[in-house]
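Reproduced below: target.pdb, with PDB, C-alpha atoms and all ligand atoms.
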MODEL        1
ATOM      1  CA  MET R   1       9.259 -22.935  12.363
ATOM      2  CA  ILE R   2       6.635 -20.308  11.727
ATOM      3  CA  LEU R   3       4.721 -19.144   8.682
ATOM      4  CA  VAL R   4       3.918 -15.417   8.702
ATOM      5  CA  VAL R   5       1.268 -14.042   6.365
ATOM      6  CA  ASP R   6       0.677 -10.385   5.510
ATOM      7  CA  VAL R   7      -2.681  -9.792   3.836
ATOM      8  CA  GLY R   8      -2.485  -6.380   2.150
ATOM      9  CA  ASN R   9      -5.087  -4.717  -0.045
ATOM     10  CA  THR R  10      -3.295  -5.721  -3.274
ATOM     11  CA  ARG R  11      -1.450  -8.957  -2.560
ATOM     12  CA  ILE R  12      -0.704 -11.533   0.079
ATOM     13  CA  LYS R  13       2.911 -11.957   1.184
ATOM     14  CA  ALA R  14       4.100 -14.897   3.254
ATOM     15  CA  ALA R  15       7.410 -16.062   4.682
ATOM     16  CA  VAL R  16       8.807 -19.040   6.571
ATOM     17  CA  PHE R  17      11.079 -18.291   9.541
ATOM     18  CA  GLU R  18      13.014 -20.304  12.063
ATOM     19  CA  ASP R  19      14.055 -17.906  14.840
ATOM     20  CA  ALA R  20      15.592 -14.955  12.955
ATOM     21  CA  THR R  21      16.334 -16.916   9.777
ATOM     22  CA  LEU R  22      14.125 -16.293   6.759
ATOM     23  CA  PHE R  23      13.831 -19.405   4.576
ATOM     24  CA  GLU R  24      11.568 -18.378   1.725
ATOM     25  CA  ILE R  25       9.130 -15.658   0.617
ATOM     26  CA  PHE R  26       5.892 -16.185  -1.298
ATOM     27  CA  VAL R  27       3.735 -13.533  -3.007
ATOM     28  CA  PHE R  28       0.267 -14.396  -4.312
ATOM     29  CA  SER R  29      -3.265 -13.151  -4.824
ATOM     30  CA  LYS R  30      -6.282 -13.760  -2.611
ATOM     31  CA  ILE R  31      -7.686 -16.479  -4.873
ATOM     32  CA  GLU R  32      -4.418 -18.425  -4.690
ATOM     33  CA  LEU R  33      -4.352 -18.384  -0.880
ATOM     34  CA  GLN R  34      -5.455 -21.968  -0.127
ATOM     35  CA  LYS R  35      -3.250 -23.523  -2.790
ATOM     36  CA  ASN R  36      -0.189 -21.594  -1.587
ATOM     37  CA  ILE R  37      -0.655 -22.312   2.119
ATOM     38  CA  LYS R  38      -1.123 -26.018   1.380
ATOM     39  CA  ASN R  39       2.087 -26.093  -0.688
ATOM     40  CA  ILE R  40       4.098 -24.197   1.887
ATOM     41  CA  LEU R  41       2.965 -26.538   4.672
ATOM     42  CA  LYS R  42       3.822 -29.527   2.520
ATOM     43  CA  ASN R  43       7.329 -28.193   1.803
ATOM     44  CA  PHE R  44       8.035 -27.065   5.367
ATOM     45  CA  GLU R  45       6.754 -29.838   7.620
ATOM     46  CA  LYS R  46       8.334 -28.253  10.706
ATOM     47  CA  ILE R  47       5.944 -25.271  10.688
ATOM     48  CA  THR R  48       4.025 -25.200  13.984
ATOM     49  CA  ASP R  49       2.561 -21.678  13.981
ATOM     50  CA  LEU R  50       0.728 -19.556  11.451
ATOM     51  CA  VAL R  51       0.847 -15.819  12.207
ATOM     52  CA  VAL R  52      -1.522 -13.569  10.275
ATOM     53  CA  SER R  53      -1.643  -9.796   9.945
ATOM     54  CA  SER R  54      -4.538  -8.754   7.749
ATOM     55  CA  VAL R  55      -5.884  -5.419   6.519
ATOM     56  CA  GLY R  56      -7.417  -7.056   3.426
ATOM     57  CA  ASP R  57     -10.789  -8.714   2.997
ATOM     58  CA  VAL R  58      -9.776 -12.359   3.343
ATOM     59  CA  GLU R  59     -12.123 -14.505   5.489
ATOM     60  CA  LYS R  60     -10.632 -15.536   8.833
ATOM     61  CA  GLN R  61     -11.962 -19.009   8.133
ATOM     62  CA  SER R  62      -9.432 -19.470   5.298
ATOM     63  CA  PHE R  63      -6.769 -19.578   8.023
ATOM     64  CA  LEU R  64      -8.832 -21.212  10.759
ATOM     65  CA  ASP R  65      -9.143 -24.256   8.471
ATOM     66  CA  TYR R  66      -5.561 -25.064   9.573
ATOM     67  CA  ASN R  67      -6.350 -24.865  13.285
ATOM     68  CA  ASN R  68      -6.248 -28.644  13.724
ATOM     69  CA  VAL R  69      -2.683 -28.942  12.389
ATOM     70  CA  LEU R  70      -1.176 -25.581  13.453
ATOM     71  CA  ASN R  71      -1.507 -22.859  16.054
ATOM     72  CA  VAL R  72      -3.187 -20.007  14.201
ATOM     73  CA  HIS R  73      -2.617 -16.458  15.521
ATOM     74  CA  PHE R  74      -4.350 -13.345  14.179
ATOM     75  CA  LEU R  75      -2.397 -10.320  15.352
ATOM     76  CA  SER R  76      -4.611  -7.528  16.672
ATOM     77  CA  HIS R  77      -4.322  -4.341  18.721
ATOM     78  CA  GLU R  78      -4.975  -6.502  21.807
ATOM     79  CA  ASP R  79      -1.572  -8.214  21.511
ATOM     80  CA  SER R  80       1.582  -7.012  23.278
ATOM     81  CA  PHE R  81       3.572  -4.472  21.279
ATOM     82  CA  PRO R  82       6.983  -3.038  22.174
ATOM     83  CA  PHE R  83       5.823   0.626  21.953
ATOM     84  CA  TYR R  84       3.397   2.943  23.776
ATOM     85  CA  ASN R  85       0.491   3.485  21.448
ATOM     86  CA  ARG R  86      -0.358   7.230  21.413
ATOM     87  CA  TYR R  87      -2.733   6.985  18.414
ATOM     88  CA  SER R  88      -6.023   8.577  19.431
ATOM     89  CA  THR R  89      -8.022   5.754  17.765
ATOM     90  CA  PRO R  90      -5.872   2.679  18.559
ATOM     91  CA  LYS R  91      -8.658   0.252  17.641
ATOM     92  CA  THR R  92      -8.824   1.536  14.063
ATOM     93  CA  LEU R  93      -5.046   1.623  13.552
ATOM     94  CA  GLY R  94      -4.066  -0.812  10.782
ATOM     95  CA  ILE R  95      -2.456  -3.955  12.178
ATOM     96  CA  ASP R  96       0.130  -3.772   9.364
ATOM     97  CA  ARG R  97       1.165  -0.337  10.650
ATOM     98  CA  MET R  98       1.430  -1.677  14.211
ATOM     99  CA  VAL R  99       3.612  -4.546  13.012
ATOM    100  CA  LEU R 100       5.884  -2.149  11.081
ATOM    101  CA  ALA R 101       6.185   0.088  14.140
ATOM    102  CA  ALA R 102       6.983  -2.964  16.287
ATOM    103  CA  GLY R 103       9.675  -4.110  13.844
ATOM    104  CA  ALA R 104      11.238  -0.641  13.748
ATOM    105  CA  THR R 105      11.173  -0.421  17.559
ATOM    106  CA  LEU R 106      12.841  -3.805  18.045
ATOM    107  CA  VAL R 107      15.372  -3.667  15.198
ATOM    108  CA  PHE R 108      16.443  -0.018  15.712
ATOM    109  CA  PRO R 109      16.205   0.514  19.491
ATOM    110  CA  ASN R 110      16.384   3.874  21.287
ATOM    111  CA  GLN R 111      16.118   6.179  18.304
ATOM    112  CA  ASN R 112      13.477   8.081  16.358
ATOM    113  CA  ARG R 113      12.116   5.879  13.577
ATOM    114  CA  LEU R 114      10.001   6.606  10.490
ATOM    115  CA  VAL R 115       8.611   3.679   8.493
ATOM    116  CA  ILE R 116       7.274   4.373   5.003
ATOM    117  CA  ASP R 117       5.286   1.511   3.468
ATOM    118  CA  ALA R 118       4.636   2.065  -0.235
ATOM    119  CA  GLY R 119       1.893  -0.480  -0.862
ATOM    120  CA  THR R 120      -1.709  -0.046  -2.031
ATOM    121  CA  CYS R 121      -1.603   3.017   0.194
ATOM    122  CA  VAL R 122       1.563   4.716   1.309
ATOM    123  CA  THR R 123       1.637   4.828   5.072
ATOM    124  CA  TYR R 124       3.974   6.777   7.350
ATOM    125  CA  ASP R 125       4.505   5.559  10.904
ATOM    126  CA  PHE R 126       6.632   7.350  13.455
ATOM    127  CA  VAL R 127       8.007   5.914  16.708
ATOM    128  CA  ASP R 128      10.073   8.323  18.802
ATOM    129  CA  GLU R 129      13.241   7.468  20.728
ATOM    130  CA  LYS R 130      11.224   6.881  23.925
ATOM    131  CA  ASN R 131       9.164   4.228  22.078
ATOM    132  CA  ASN R 132       6.034   6.344  21.718
ATOM    133  CA  TYR R 133       4.143   5.414  18.562
ATOM    134  CA  LEU R 134       2.743   8.788  17.450
ATOM    135  CA  GLY R 135       0.976   7.944  14.162
ATOM    136  CA  GLY R 136       1.830   9.276  10.698
ATOM    137  CA  ALA R 137      -0.100   9.527   7.459
ATOM    138  CA  ILE R 138      -2.084   7.555   4.882
ATOM    139  CA  ALA R 139      -2.088   8.521   1.190
ATOM    140  CA  PRO R 140      -2.865   6.741  -2.101
ATOM    141  CA  GLY R 141      -0.083   4.440  -3.318
ATOM    142  CA  LEU R 142       1.548   4.492  -6.740
ATOM    143  CA  ARG R 143      -0.757   2.058  -8.537
ATOM    144  CA  LEU R 144      -3.818   3.592  -6.873
ATOM    145  CA  ARG R 145      -2.894   6.991  -8.344
ATOM    146  CA  TYR R 146      -2.810   5.607 -11.893
ATOM    147  CA  GLU R 147      -6.146   3.875 -11.258
ATOM    148  CA  ALA R 148      -7.780   6.919  -9.691
ATOM    149  CA  LEU R 149      -6.880   9.118 -12.681
ATOM    150  CA  HIS R 150      -8.484   6.586 -15.028
ATOM    151  CA  ASN R 151     -11.499   5.658 -12.900
ATOM    152  CA  PHE R 152     -12.595   9.195 -12.060
ATOM    153  CA  THR R 153     -12.130  10.879 -15.444
ATOM    154  CA  ALA R 154     -13.685  10.340 -18.865
ATOM    155  CA  LYS R 155     -10.542  10.675 -20.955
ATOM    156  CA  LEU R 156      -7.534   9.398 -19.063
ATOM    157  CA  PRO R 157      -6.222   5.925 -19.969
ATOM    158  CA  LEU R 158      -5.124   3.373 -17.394
ATOM    159  CA  LEU R 159      -1.345   3.211 -17.673
ATOM    160  CA  SER R 160       1.162   0.896 -16.061
ATOM    161  CA  LEU R 161       3.938   2.257 -13.925
ATOM    162  CA  GLU R 162       6.700   3.793 -16.025
ATOM    163  CA  SER R 163       9.533   6.166 -15.299
ATOM    164  CA  PRO R 164       8.693   9.666 -16.637
ATOM    165  CA  LYS R 165      11.152  10.884 -19.258
ATOM    166  CA  ASP R 166      11.146  14.390 -17.854
ATOM    167  CA  LEU R 167       9.537  16.762 -15.418
ATOM    168  CA  ILE R 168       7.547  18.264 -18.300
ATOM    169  CA  GLY R 169       5.164  15.721 -19.768
ATOM    170  CA  THR R 170       4.817  16.333 -23.517
ATOM    171  CA  SER R 171       1.952  13.883 -24.188
ATOM    172  CA  THR R 172      -1.028  12.554 -22.235
ATOM    173  CA  ALA R 173       0.940   9.468 -21.221
ATOM    174  CA  GLU R 174       4.069  11.427 -20.253
ATOM    175  CA  SER R 175       1.958  13.946 -18.320
ATOM    176  CA  ILE R 176       0.355  11.126 -16.336
ATOM    177  CA  HIS R 177       3.694   9.431 -15.616
ATOM    178  CA  SER R 178       5.202  12.744 -14.530
ATOM    179  CA  GLY R 179       2.218  13.584 -12.349
ATOM    180  CA  VAL R 180       2.035  10.188 -10.695
ATOM    181  CA  VAL R 181       5.695   9.230 -10.347
ATOM    182  CA  ASN R 182       7.335  12.652  -9.906
ATOM    183  CA  GLY R 183       4.448  13.744  -7.690
ATOM    184  CA  PHE R 184       4.803  10.653  -5.500
ATOM    185  CA  VAL R 185       8.566  11.041  -5.169
ATOM    186  CA  TYR R 186       8.316  14.783  -4.315
ATOM    187  CA  GLU R 187       5.618  13.988  -1.790
ATOM    188  CA  ILE R 188       7.666  11.352   0.015
ATOM    189  CA  ASP R 189      10.810  13.529   0.000
ATOM    190  CA  GLY R 190       8.650  16.418   1.206
ATOM    191  CA  PHE R 191       7.308  14.355   4.117
ATOM    192  CA  ILE R 192      10.825  13.270   5.061
ATOM    193  CA  ASP R 193      12.039  16.894   4.945
ATOM    194  CA  GLU R 194       9.202  17.983   7.264
ATOM    195  CA  TYR R 195      10.028  15.183   9.729
ATOM    196  CA  LYS R 196      13.683  16.262   9.575
ATOM    197  CA  ALA R 197      12.655  19.807  10.480
ATOM    198  CA  ARG R 198      10.980  18.444  13.628
ATOM    199  CA  TYR R 199      13.380  15.679  14.627
ATOM    200  CA  SER R 200      17.089  16.191  14.192
ATOM    201  CA  ASN R 201      17.934  12.529  14.038
ATOM    202  CA  PHE R 202      15.954   9.534  12.877
ATOM    203  CA  ILE R 203      16.222   6.396  10.807
ATOM    204  CA  ILE R 204      13.958   5.969   7.773
ATOM    205  CA  ILE R 205      12.848   2.526   6.635
ATOM    206  CA  LEU R 206      11.176   2.179   3.227
ATOM    207  CA  THR R 207       9.174  -0.935   2.468
ATOM    208  CA  GLY R 208       6.194  -2.216   0.420
ATOM    209  CA  GLY R 209       5.686  -3.301  -3.185
ATOM    210  CA  ASP R 210       7.111  -0.068  -4.646
ATOM    211  CA  THR R 211      10.288  -0.045  -2.537
ATOM    212  CA  ASP R 212      12.803  -0.749  -5.273
ATOM    213  CA  PHE R 213      11.213   1.613  -7.777
ATOM    214  CA  LEU R 214      11.157   4.457  -5.239
ATOM    215  CA  ALA R 215      14.425   3.902  -3.402
ATOM    216  CA  LYS R 216      16.610   5.005  -6.291
ATOM    217  CA  ARG R 217      14.466   8.080  -6.983
ATOM    218  CA  LEU R 218      14.319   9.643  -3.522
ATOM    219  CA  LYS R 219      16.801  12.375  -2.687
ATOM    220  CA  ASN R 220      16.793  11.451   1.003
ATOM    221  CA  THR R 221      18.878   8.563   2.296
ATOM    222  CA  ILE R 222      16.681   5.716   3.406
ATOM    223  CA  PHE R 223      17.092   2.126   4.493
ATOM    224  CA  ALA R 224      15.212   0.168   1.777
ATOM    225  CA  ASN R 225      13.925  -3.286   2.675
ATOM    226  CA  SER R 226      10.940  -4.685   0.797
ATOM    227  CA  ASN R 227      10.763  -7.573   3.302
ATOM    228  CA  PHE R 228      10.537  -5.341   6.354
ATOM    229  CA  LEU R 229       6.880  -6.148   7.085
ATOM    230  CA  LEU R 230       7.471  -9.912   6.904
ATOM    231  CA  GLU R 231      10.564  -9.614   9.095
ATOM    232  CA  SER R 232       8.614  -7.391  11.506
ATOM    233  CA  LEU R 233       5.836  -9.987  11.670
ATOM    234  CA  ASN R 234       8.393 -12.528  12.813
ATOM    235  CA  GLN R 235       9.812 -10.029  15.351
ATOM    236  CA  THR R 236       6.327  -9.121  16.623
ATOM    237  CA  PHE R 237       5.409 -12.762  17.101
ATOM    238  CA  GLN R 238       8.658 -13.541  18.957
ATOM    239  CA  TYR R 239       7.971 -10.525  21.179
ATOM    240  CA  LYS R 240       4.374 -11.668  21.776
ATOM    241  CA  ILE R 241       5.507 -15.153  22.845
ATOM    242  CA  LYS R 242       7.948 -13.650  25.369
ATOM    243  CA  ASN R 243       5.489 -11.102  26.753
ATOM    244  CA  ASP R 244       2.084 -12.827  26.796
TER     245      ASP R 244
HETATM  246  N1  LIG Y   1       3.214  -7.925  -9.331
HETATM  247  C1  LIG Y   1       2.659  -6.846  -8.770
HETATM  248  N2  LIG Y   1       1.318  -6.788  -8.580
HETATM  249  C2  LIG Y   1       0.749  -5.723  -7.982
HETATM  250  N3  LIG Y   1       1.452  -4.634  -7.555
HETATM  251  C3  LIG Y   1       2.773  -4.645  -7.733
HETATM  252  C4  LIG Y   1       3.446  -5.724  -8.338
HETATM  253  N4  LIG Y   1       4.770  -5.441  -8.338
HETATM  254  C5  LIG Y   1       4.917  -4.228  -7.783
HETATM  255  N5  LIG Y   1       3.719  -3.717  -7.429
HETATM  256  C6  LIG Y   1       3.525  -2.423  -6.781
HETATM  257  O1  LIG Y   1       3.261  -2.688  -5.427
HETATM  258  C7  LIG Y   1       2.281  -1.809  -4.908
HETATM  259  C8  LIG Y   1       1.431  -2.635  -3.939
HETATM  260  O2  LIG Y   1       2.315  -3.035  -2.907
HETATM  261  P1  LIG Y   1       2.028  -4.206  -1.890
HETATM  262  O3  LIG Y   1       3.075  -4.063  -0.839
HETATM  263  O4  LIG Y   1       1.888  -5.500  -2.571
HETATM  264  O5  LIG Y   1       0.599  -3.735  -1.338
HETATM  265  P2  LIG Y   1      -0.306  -4.274  -0.168
HETATM  266  O6  LIG Y   1       0.611  -4.628   0.982
HETATM  267  O7  LIG Y   1      -1.169  -3.113   0.132
HETATM  268  O8  LIG Y   1      -1.057  -5.466  -0.699
HETATM  269  C9  LIG Y   1       1.528  -1.204  -6.084
HETATM  270  O9  LIG Y   1       1.493   0.218  -5.950
HETATM  271  C10 LIG Y   1       2.351  -1.612  -7.319
HETATM  272  O10 LIG Y   1       2.888  -0.489  -8.028
HETATM  273  C1  LIG Y   2      -3.910   2.331   5.619
HETATM  274  C2  LIG Y   2      -4.121   0.879   5.189
HETATM  275  C3  LIG Y   2      -5.338   0.781   4.281
HETATM  276  C4  LIG Y   2      -2.852   0.444   4.420
HETATM  277  O1  LIG Y   2      -3.076  -0.793   3.772
HETATM  278  P1  LIG Y   2      -2.071  -1.390   2.670
HETATM  279  O2  LIG Y   2      -1.642  -0.290   1.789
HETATM  280  O3  LIG Y   2      -0.870  -1.918   3.433
HETATM  281  O4  LIG Y   2      -2.791  -2.501   1.995
HETATM  282  C5  LIG Y   2      -4.265  -0.050   6.455
HETATM  283  O5  LIG Y   2      -3.183   0.129   7.320
HETATM  284  C6  LIG Y   2      -5.545   0.242   7.191
HETATM  285  O6  LIG Y   2      -6.603  -0.257   6.834
HETATM  286  N1  LIG Y   2      -5.477   1.095   8.249
HETATM  287  C7  LIG Y   2      -6.593   1.474   9.060
HETATM  288  C8  LIG Y   2      -6.599   2.957   9.376
HETATM  289  C9  LIG Y   2      -5.428   3.439  10.198
HETATM  290  O7  LIG Y   2      -4.338   2.861  10.168
HETATM  291  O8  LIG Y   2      -5.609   4.450  10.918
HETATM  292  K     K Y   3       0.888   0.406   3.138
ENDMDL
END
Here is a file; write its structure as C-alpha cells.
Amino acid sequence: MILVVDVGNTRIKAAVFEDATLFEIFVFSKIELQKNIKNILKNFEKITDLVVSSVGDVEKQSFLDYNNVLNVHFLSHEDSFPFYNRYSTPKTLGIDRMVLAAGATLVFPNQNRLVIDAGTCVTYDFVDEKNNYLGGAIAPGLRLRYEALHNFTAKLPLLSLESPKDLIGTSTAESIHSGVVNGFVYEIDGFIDEYKARYSNFIIILTGGDTDFLAKRLKNTIFANSNFLLESLNQTFQYKIKND
C-alpha cells in the first residue's frame, strides 16, 4: 500500500492506494500535516511507501521523519516520466504539472492531451499524441483573483466565491463576482478554443479544487476529475518503480 501526498500552495491532499485501487482521500492544511500522516499510518498499517509531490513550502523534514518506518520518495524532475520533456526550463517546471502530464500520458495513451488544474493557480499542460510534453500556461486561480482584487485596491472587499447572478454586475459585490467567475470561465473556454484551433483532436482533463464549480459552467466538454492529481501520483510512482 502506498500513501501519496500532493502539497499544493493552498492545501495538502493525500490518498491511500493499493495498486490501482484508491482507498481514501484526505484534505488538510499545512499545520495539520503531522497529525494527519500519523492517523493515516495508524489506520492503514500496510502502507510501505510515502510518495510526495510538493510545490508548497512544507519542510522536507516533515516527511523524512517517517524514513525509519517507510520508504519516503520525493518526486522530482530527475525521476523517470512517460513523456519527452520539451519545456525549455525543465528544472523549474512544477512537479505537480509533471505528475499531471504523466497521469494524462499513461491514462489516455496515444492522443493529444490537455490538463487544466484549477488550484491556487490555474495551470495548463499539453502532451501531444507522440508523448511530447510541450508546456502550457500559468494564471491566477479563482480564489487568488478574489484576494488580488482586495489586496491591491483600497476599496474592494474580500468576497467568497459565489455564482454571479448575471453578466452585468449591478453592485460592487455582483461586479466582482461577474469579473472573477465569468472572467475565469471565459478565459478557460477561450484557452480551450485556441487549442482546438491548433489541434483537431484532444482530450481535456479538468482537475483541482475548483473542478466541480467550473465543470458545469464551461461551454466546452471536458473530463472532470478532482482526484486526477492524486491518481496521477499513484500512476507516476508505479511507472517509476518499473522504469528505475
Ligand atoms: N475548503 C477549501 N479551502 C480552500 N480552497 C478551496 C476549498 N474548497 C474549494 N477551494 C477552491 O480550491 C482552490 C484551490 O485548489 P487546490 O487544488 O486545493 O489548490 P492547491 O493544489 O494549489 O493547493 C481555490 O481557488 C478555492 O476556490
Ligand atoms: C504553477 C504552480 C505555482 C502551480 O501550483 P498550485 O496551483 O498547484 O499550487 C506550480 O506548478 C509551480 O510552482 N510551478 C513552477 C513553474 C513552472 O511550472 O514553470
Ligand atoms: K494548479
(request) Write out as a ChimeraX atom specification which residues come within 10 Å of Asp19 (chain R) when counting only C-alpha atoms, dropping same-chain ones fewer than 3 positions away. (result) /R:1-2,16,22,234-235,238
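If you apply the PyMOL selection byres (((chain R and resi 189) around 12) and not hetatm) to this structure, you end up with Ile116, Asn182, Gly183, Phe184, Val185, Tyr186, Glu187, Ile188, Gly190, Phe191, Ile192, Asp193, Glu194, Tyr195, Lys196, Ile204, Leu206, Leu214, Ala215, Arg217, Leu218, Lys219, Asn220, Thr221 and Ile222 of chain R.
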(message) Just want the residues within 6 Å of ligand LIG 1 (chain Y), written as a PyMOL selection string, counting all atoms listed in the file.
(response) chain R and resi 8-11+119-120+141-143+208-210
(request) Between R:Glu231, R:Glu59, R:Asp244, R:Asp117, single out the one closest to ligand LIG 2 (chain Y), counting all atoms listed in the file. (result)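 Nearest to ligand LIG 2 (chain Y): R:Asp117.
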(request) Quick one: everything within 12 Å of Phe17 (chain R), counting all atoms listed in the file, minus sequence neighbours fewer than 3 positions away in the same chain. Send it as a list in words. (result)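 Close residues of Phe17 (chain R): Met1, Ile2, Leu3, Val4, Val5, Ala14, Ala20, Thr21, Leu22, Phe23, Glu24, Ile25, Ile40, Phe44, Lys46, Ile47, Thr48, Asp49, Leu50, Val51, Leu230, Glu231, Ser232, Leu233, Asn234, Gln235, Phe237 and Gln238 of chain R.
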Please write the residues from the selection above to a file, keeping C-alpha atoms, as a tab-separated table (two decimals), in the frame of the given file.
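Saved as out06.tsv:
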chain	number	residue	atom	x	y	z
R	1	MET	CA	9.26	-22.94	12.36
R	2	ILE	CA	6.64	-20.31	11.73
R	3	LEU	CA	4.72	-19.14	8.68
R	4	VAL	CA	3.92	-15.42	8.70
R	5	VAL	CA	1.27	-14.04	6.36
R	14	ALA	CA	4.10	-14.90	3.25
R	20	ALA	CA	15.59	-14.96	12.96
R	21	THR	CA	16.33	-16.92	9.78
R	22	LEU	CA	14.12	-16.29	6.76
R	23	PHE	CA	13.83	-19.40	4.58
R	24	GLU	CA	11.57	-18.38	1.72
R	25	ILE	CA	9.13	-15.66	0.62
R	40	ILE	CA	4.10	-24.20	1.89
R	44	PHE	CA	8.04	-27.06	5.37
R	46	LYS	CA	8.33	-28.25	10.71
R	47	ILE	CA	5.94	-25.27	10.69
R	48	THR	CA	4.03	-25.20	13.98
R	49	ASP	CA	2.56	-21.68	13.98
R	50	LEU	CA	0.73	-19.56	11.45
R	51	VAL	CA	0.85	-15.82	12.21
R	230	LEU	CA	7.47	-9.91	6.90
R	231	GLU	CA	10.56	-9.61	9.10
R	232	SER	CA	8.61	-7.39	11.51
R	233	LEU	CA	5.84	-9.99	11.67
R	234	ASN	CA	8.39	-12.53	12.81
R	235	GLN	CA	9.81	-10.03	15.35
R	237	PHE	CA	5.41	-12.76	17.10
R	238	GLN	CA	8.66	-13.54	18.96
(request) Skip region 93-95 of chain R itself and residues of its chain fewer than 5 positions away, then list as an MDAnalysis selection string all residues within 10 Å of it, counting all atoms listed in the file. (result) chainID R and resid 6 52:55 74:77 85 87:88 100:101 123 135
(request) Could you tell me which of R:Ile203, R:Leu159, R:Met98, R:Val127 comes closest to ligand K 3 (chain Y) if we count all atoms listed in the file? (result) R:Met98
(request) Pull out every residue that the PyMOL selection byres (((chain R and resi 64) around 12) and not hetatm) matches in the shown coordinates and put them as a count of residues only. (result) 22
(request) Please identify all polymer residues within 10 Å of Tyr199 (chain R), counting only C-alpha atoms, omitting same-chain residues fewer than 6 positions from it, and present them as a PyMOL selection string. (result) chain R and resi 112-113+128+193
(message) Which residue is closest to Phe126 (chain R)? Choose from R:Arg198, R:His150, R:Lys165, R:Lys91 and count all atoms listed in the file.
(response)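 Using all atoms listed in the file, Phe126 (chain R) sits closest to R:Arg198.
The closest residue to ligand LIG 2 (chain Y), picked from R:Ile241, R:Val27, R:Ala102, R:Ala139 and counting all atoms listed in the file, is R:Ala139.
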(request) May I ask which of the residues R:Leu161, R:Ile138, R:Leu167, R:Leu114 is the closest one to ligand LIG 2 (chain Y), counting all atoms listed in the file? (result) R:Ile138
